[in-house]
$ cat model.cif   # mmCIF, C-alpha atoms; chains and numbers go by the auth columns
data_protein
loop_
_atom_site.group_PDB
_atom_site.id
_atom_site.type_symbol
_atom_site.label_atom_id
_atom_site.label_comp_id
_atom_site.label_asym_id
_atom_site.label_seq_id
_atom_site.Cartn_x
_atom_site.Cartn_y
_atom_site.Cartn_z
_atom_site.B_iso_or_equiv
_atom_site.auth_seq_id
_atom_site.auth_asym_id
ATOM 1 C CA MET A 1 0.000 0.000 0.000 0.00 1 A
ATOM 2 C CA LEU A 2 2.811 2.410 0.845 0.00 2 A
ATOM 3 C CA GLU A 3 4.427 1.690 -2.520 0.00 3 A
ATOM 4 C CA LYS A 4 1.174 2.523 -4.337 0.00 4 A
ATOM 5 C CA THR A 5 0.732 5.709 -2.301 0.00 5 A
ATOM 6 C CA THR A 6 4.282 6.801 -3.067 0.00 6 A
ATOM 7 C CA ARG A 7 3.782 6.127 -6.772 0.00 7 A
ATOM 8 C CA ILE A 8 0.489 8.033 -6.879 0.00 8 A
ATOM 9 C CA ASN A 9 2.090 10.955 -5.027 0.00 9 A
ATOM 10 C CA TYR A 10 4.850 11.128 -7.646 0.00 10 A
ATOM 11 C CA LEU A 11 2.382 10.830 -10.517 0.00 11 A
ATOM 12 C CA PHE A 12 0.237 13.551 -8.949 0.00 12 A
ATOM 13 C CA ASP A 13 3.306 15.750 -8.638 0.00 13 A
ATOM 14 C CA PHE A 14 4.220 15.253 -12.299 0.00 14 A
ATOM 15 C CA TYR A 15 0.732 15.462 -13.832 0.00 15 A
ATOM 16 C CA GLN A 16 -1.254 17.666 -11.438 0.00 16 A
ATOM 17 C CA SER A 17 -1.487 20.461 -13.984 0.00 17 A
ATOM 18 C CA LEU A 18 -3.415 18.118 -16.313 0.00 18 A
ATOM 19 C CA LEU A 19 -6.179 17.519 -13.758 0.00 19 A
ATOM 20 C CA THR A 20 -9.314 19.526 -13.146 0.00 20 A
ATOM 21 C CA PRO A 21 -9.393 21.636 -9.969 0.00 21 A
ATOM 22 C CA LYS A 22 -11.874 19.190 -8.404 0.00 22 A
ATOM 23 C CA GLN A 23 -9.690 16.166 -9.185 0.00 23 A
ATOM 24 C CA SER A 24 -6.655 17.992 -7.905 0.00 24 A
ATOM 25 C CA ASN A 25 -8.420 18.987 -4.667 0.00 25 A
ATOM 26 C CA TYR A 26 -9.633 15.459 -3.924 0.00 26 A
ATOM 27 C CA MET A 27 -6.225 13.923 -4.651 0.00 27 A
ATOM 28 C CA GLU A 28 -4.370 16.507 -2.599 0.00 28 A
ATOM 29 C CA LEU A 29 -6.643 16.045 0.393 0.00 29 A
ATOM 30 C CA TYR A 30 -6.652 12.246 0.167 0.00 30 A
ATOM 31 C CA TYR A 31 -2.992 11.569 -0.602 0.00 31 A
ATOM 32 C CA LEU A 32 -1.084 14.595 0.663 0.00 32 A
ATOM 33 C CA GLU A 33 -3.217 15.777 3.579 0.00 33 A
ATOM 34 C CA ASP A 34 -4.323 12.238 4.590 0.00 34 A
ATOM 35 C CA TYR A 35 -8.026 13.109 4.747 0.00 35 A
ATOM 36 C CA SER A 36 -10.475 10.217 4.881 0.00 36 A
ATOM 37 C CA LEU A 37 -13.148 9.771 2.223 0.00 37 A
ATOM 38 C CA GLY A 38 -15.708 10.880 4.807 0.00 38 A
ATOM 39 C CA GLU A 39 -13.822 14.076 5.607 0.00 39 A
ATOM 40 C CA ILE A 40 -13.528 14.953 1.925 0.00 40 A
ATOM 41 C CA SER A 41 -17.212 14.194 1.319 0.00 41 A
ATOM 42 C CA GLU A 42 -18.191 16.493 4.204 0.00 42 A
ATOM 43 C CA THR A 43 -15.912 19.263 2.944 0.00 43 A
ATOM 44 C CA PHE A 44 -17.435 19.192 -0.554 0.00 44 A
ATOM 45 C CA ASP A 45 -20.948 18.112 0.495 0.00 45 A
ATOM 46 C CA VAL A 46 -20.962 15.002 -1.706 0.00 46 A
ATOM 47 C CA SER A 47 -21.262 11.291 -0.952 0.00 47 A
ATOM 48 C CA ARG A 48 -18.294 9.173 0.093 0.00 48 A
ATOM 49 C CA GLN A 49 -18.949 7.049 -3.000 0.00 49 A
ATOM 50 C CA ALA A 50 -18.643 10.119 -5.247 0.00 50 A
ATOM 51 C CA VAL A 51 -15.290 10.981 -3.660 0.00 51 A
ATOM 52 C CA TYR A 52 -14.103 7.368 -3.947 0.00 52 A
ATOM 53 C CA ASP A 53 -15.129 7.144 -7.613 0.00 53 A
ATOM 54 C CA ASN A 54 -13.465 10.465 -8.428 0.00 54 A
ATOM 55 C CA ILE A 55 -10.204 9.441 -6.745 0.00 55 A
ATOM 56 C CA ARG A 56 -10.140 6.048 -8.511 0.00 56 A
ATOM 57 C CA ARG A 57 -10.855 7.631 -11.908 0.00 57 A
ATOM 58 C CA THR A 58 -8.138 10.200 -11.284 0.00 58 A
ATOM 59 C CA GLU A 59 -5.643 7.486 -10.319 0.00 59 A
ATOM 60 C CA THR A 60 -6.454 5.715 -13.584 0.00 60 A
ATOM 61 C CA MET A 61 -5.951 8.955 -15.502 0.00 61 A
ATOM 62 C CA LEU A 62 -2.588 9.535 -13.815 0.00 62 A
ATOM 63 C CA GLU A 63 -1.487 6.018 -14.782 0.00 63 A
ATOM 64 C CA GLU A 64 -2.590 6.655 -18.374 0.00 64 A
ATOM 65 C CA TYR A 65 -0.624 9.908 -18.488 0.00 65 A
ATOM 66 C CA GLU A 66 2.405 8.055 -17.174 0.00 66 A
ATOM 67 C CA LYS A 67 1.995 5.292 -19.748 0.00 67 A
ATOM 68 C CA LYS A 68 2.070 7.893 -22.519 0.00 68 A
ATOM 69 C CA LEU A 69 4.543 10.466 -21.190 0.00 69 A
ATOM 70 C CA GLN A 70 6.755 8.348 -18.891 0.00 70 A
ATOM 71 C CA LEU A 71 7.889 11.311 -16.786 0.00 71 A
ATOM 72 C CA TYR A 72 8.047 9.285 -13.562 0.00 72 A
ATOM 73 C CA GLU A 73 9.858 6.368 -15.198 0.00 73 A
ATOM 74 C CA LYS A 74 12.461 8.706 -16.688 0.00 74 A
ATOM 75 C CA PHE A 75 12.810 10.472 -13.329 0.00 75 A
ATOM 76 C CA GLN A 76 13.513 7.132 -11.630 0.00 76 A
ATOM 77 C CA LYS A 77 16.114 6.230 -14.254 0.00 77 A
ATOM 78 C CA ARG A 78 17.834 9.601 -13.833 0.00 78 A
ATOM 79 C CA GLN A 79 17.894 9.135 -10.070 0.00 79 A
ATOM 80 C CA GLN A 80 19.544 5.732 -10.515 0.00 80 A
ATOM 81 C CA VAL A 81 22.176 7.181 -12.855 0.00 81 A
ATOM 82 C CA PHE A 82 22.861 9.962 -10.343 0.00 82 A
ATOM 83 C CA LYS A 83 23.363 7.380 -7.579 0.00 83 A
ATOM 84 C CA GLU A 84 25.773 5.424 -9.766 0.00 84 A
ATOM 85 C CA MET A 85 27.671 8.589 -10.688 0.00 85 A
ATOM 86 C CA GLU A 86 27.867 9.616 -7.048 0.00 86 A
ATOM 87 C CA ALA A 87 29.211 6.204 -6.036 0.00 87 A
ATOM 88 C CA GLU A 88 31.789 6.296 -8.818 0.00 88 A
ATOM 89 C CA ILE A 89 32.915 9.793 -7.850 0.00 89 A
ATOM 90 C CA GLU A 90 33.305 8.644 -4.237 0.00 90 A
ATOM 91 C CA ASN A 91 35.262 5.528 -5.245 0.00 91 A
ATOM 92 C CA THR A 92 37.696 7.191 -7.623 0.00 92 A
ATOM 93 C CA LYS A 93 39.964 10.180 -7.554 0.00 93 A
ATOM 94 C CA LEU A 94 38.015 12.252 -10.047 0.00 94 A
ATOM 95 C CA PRO A 95 38.435 16.012 -9.933 0.00 95 A
ATOM 96 C CA GLU A 96 36.199 17.943 -7.540 0.00 96 A
ATOM 97 C CA GLN A 97 34.555 19.555 -10.574 0.00 97 A
ATOM 98 C CA PHE A 98 32.687 16.296 -11.226 0.00 98 A
ATOM 99 C CA ARG A 99 31.119 16.540 -7.757 0.00 99 A
ATOM 100 C CA VAL A 100 30.111 20.146 -8.491 0.00 100 A
ATOM 101 C CA TRP A 101 28.481 19.151 -11.780 0.00 101 A
ATOM 102 C CA LEU A 102 26.638 16.249 -10.178 0.00 102 A
ATOM 103 C CA ASP A 103 25.348 18.500 -7.406 0.00 103 A
ATOM 104 C CA GLN A 104 24.142 21.001 -10.001 0.00 104 A
ATOM 105 C CA LEU A 105 22.286 18.266 -11.881 0.00 105 A
ATOM 106 C CA LEU A 106 20.690 16.974 -8.696 0.00 106 A
ATOM 107 C CA GLU A 107 19.457 20.463 -7.835 0.00 107 A
ATOM 108 C CA LEU A 108 17.629 20.582 -11.169 0.00 108 A
ATOM 109 C CA GLU A 109 15.571 17.505 -10.305 0.00 109 A
#
$ encode --input "model.cif" --output "C-alpha cells"
Amino acid sequence: MLEKTTRINYLFDFYQSLLTPKQSNYMELYYLEDYSLGEISETFDVSRQAVYDNIRRTETMLEEYEKKLQLYEKFQKRQQVFKEMEAEIENTKLPEQFRVWLDQLLELE
C-alpha cells in the first residue's frame, strides 16, 4: 500500500497540472493531507462514494498519463544514474569539478 501511495504521489506531482481543480483537490486532500473519504465528502458536500469514484478515476488517468509520457519512469532512471555517478565519484579520484556538476544536476531535479 505504501508503494502505491508513493507512486500516486509522484504521478500527482508530475501530472497535477493536467487535472481539473476538483480532481486535484480530492487527490491533494486524500494523498497529501491524509483526509479520509468521509472528511472529503463532508468538505465538498458530496457522498463518500462520489469521492471514492473520483479518486479512482483520477488514479487511472494519472497512470494513463504516465503510460504515454513516462515522466516518472524517466525520473527514476535519472535518479539511478545519479546514484551510480555519485558512487563512482566517491570511489575514484576524479576532480572535484565532477562533484560540483553532479550536485548542479541533482538540484535541477
$ closest_atom_pairs --input "model.cif" --of "range 30-63 of chain A" --to "range 67-74 of chain A" --cutoff "10 Å" --atoms "only C-alpha atoms" --output "Markdown table"
| residue | atom | partner | partner_atom | distance |
| --- | --- | --- | --- | --- |
| A:Met61 | CA | A:Lys67 | CA | 9.7 |
| A:Leu62 | CA | A:Lys67 | CA | 8.6 |
| A:Glu63 | CA | A:Lys67 | CA | 6.1 |
$ closest_residue --input "model.cif" --among "A:Phe75, A:Trp101, A:Phe44, A:Phe14" --to "Leu29 in chain A" --atoms "all atoms listed in the file"
A:Phe44
$ closest_residue --input "model.cif" --among "A:Thr60, A:Leu102, A:Gln49, A:Ile40" --to "Glu90 in chain A" --atoms "all atoms listed in the file"
A:Leu102
$ resolve_selection --input "model.cif" --expression "the PyMOL selection byres ((chain A and resi 58) around 10)" --output "list in words"
Ile8, Phe12, Leu19, Thr20, Gln23, Ser24, Tyr26, Met27, Tyr52, Asp53, Asn54, Ile55, Arg56, Arg57, Glu59, Thr60, Met61, Leu62, Glu63 and Glu64 of chain A
$ closest_residue --input "model.cif" --among "A:Glu107, A:Tyr15, A:Pro95, A:Thr5" --to "Asp34 in chain A" --atoms "only C-alpha atoms"
A:Thr5
$ atom_distance --input "model.cif" --atom1 "CA of Leu2 in chain A" --atom2 "CA of Pro21 in chain A"
25.2 Å
$ residues_near_point --input "model.cif" --point "(29.7, 14.3, -8.2)" --cutoff "6 Å" --atoms "all atoms listed in the file" --output "VMD selection string"
chain A and resid 86 89 98 to 100 102
$ closest_residue --input "model.cif" --among "A:Glu109, A:Glu3, A:Lys93, A:Tyr65" --to "Ser17 in chain A" --atoms "all atoms listed in the file"
A:Tyr65
$ atom_distance --input "model.cif" --atom1 "CA of Gln79 in chain A" --atom2 "CA of Leu108 in chain A"
11.5 Å
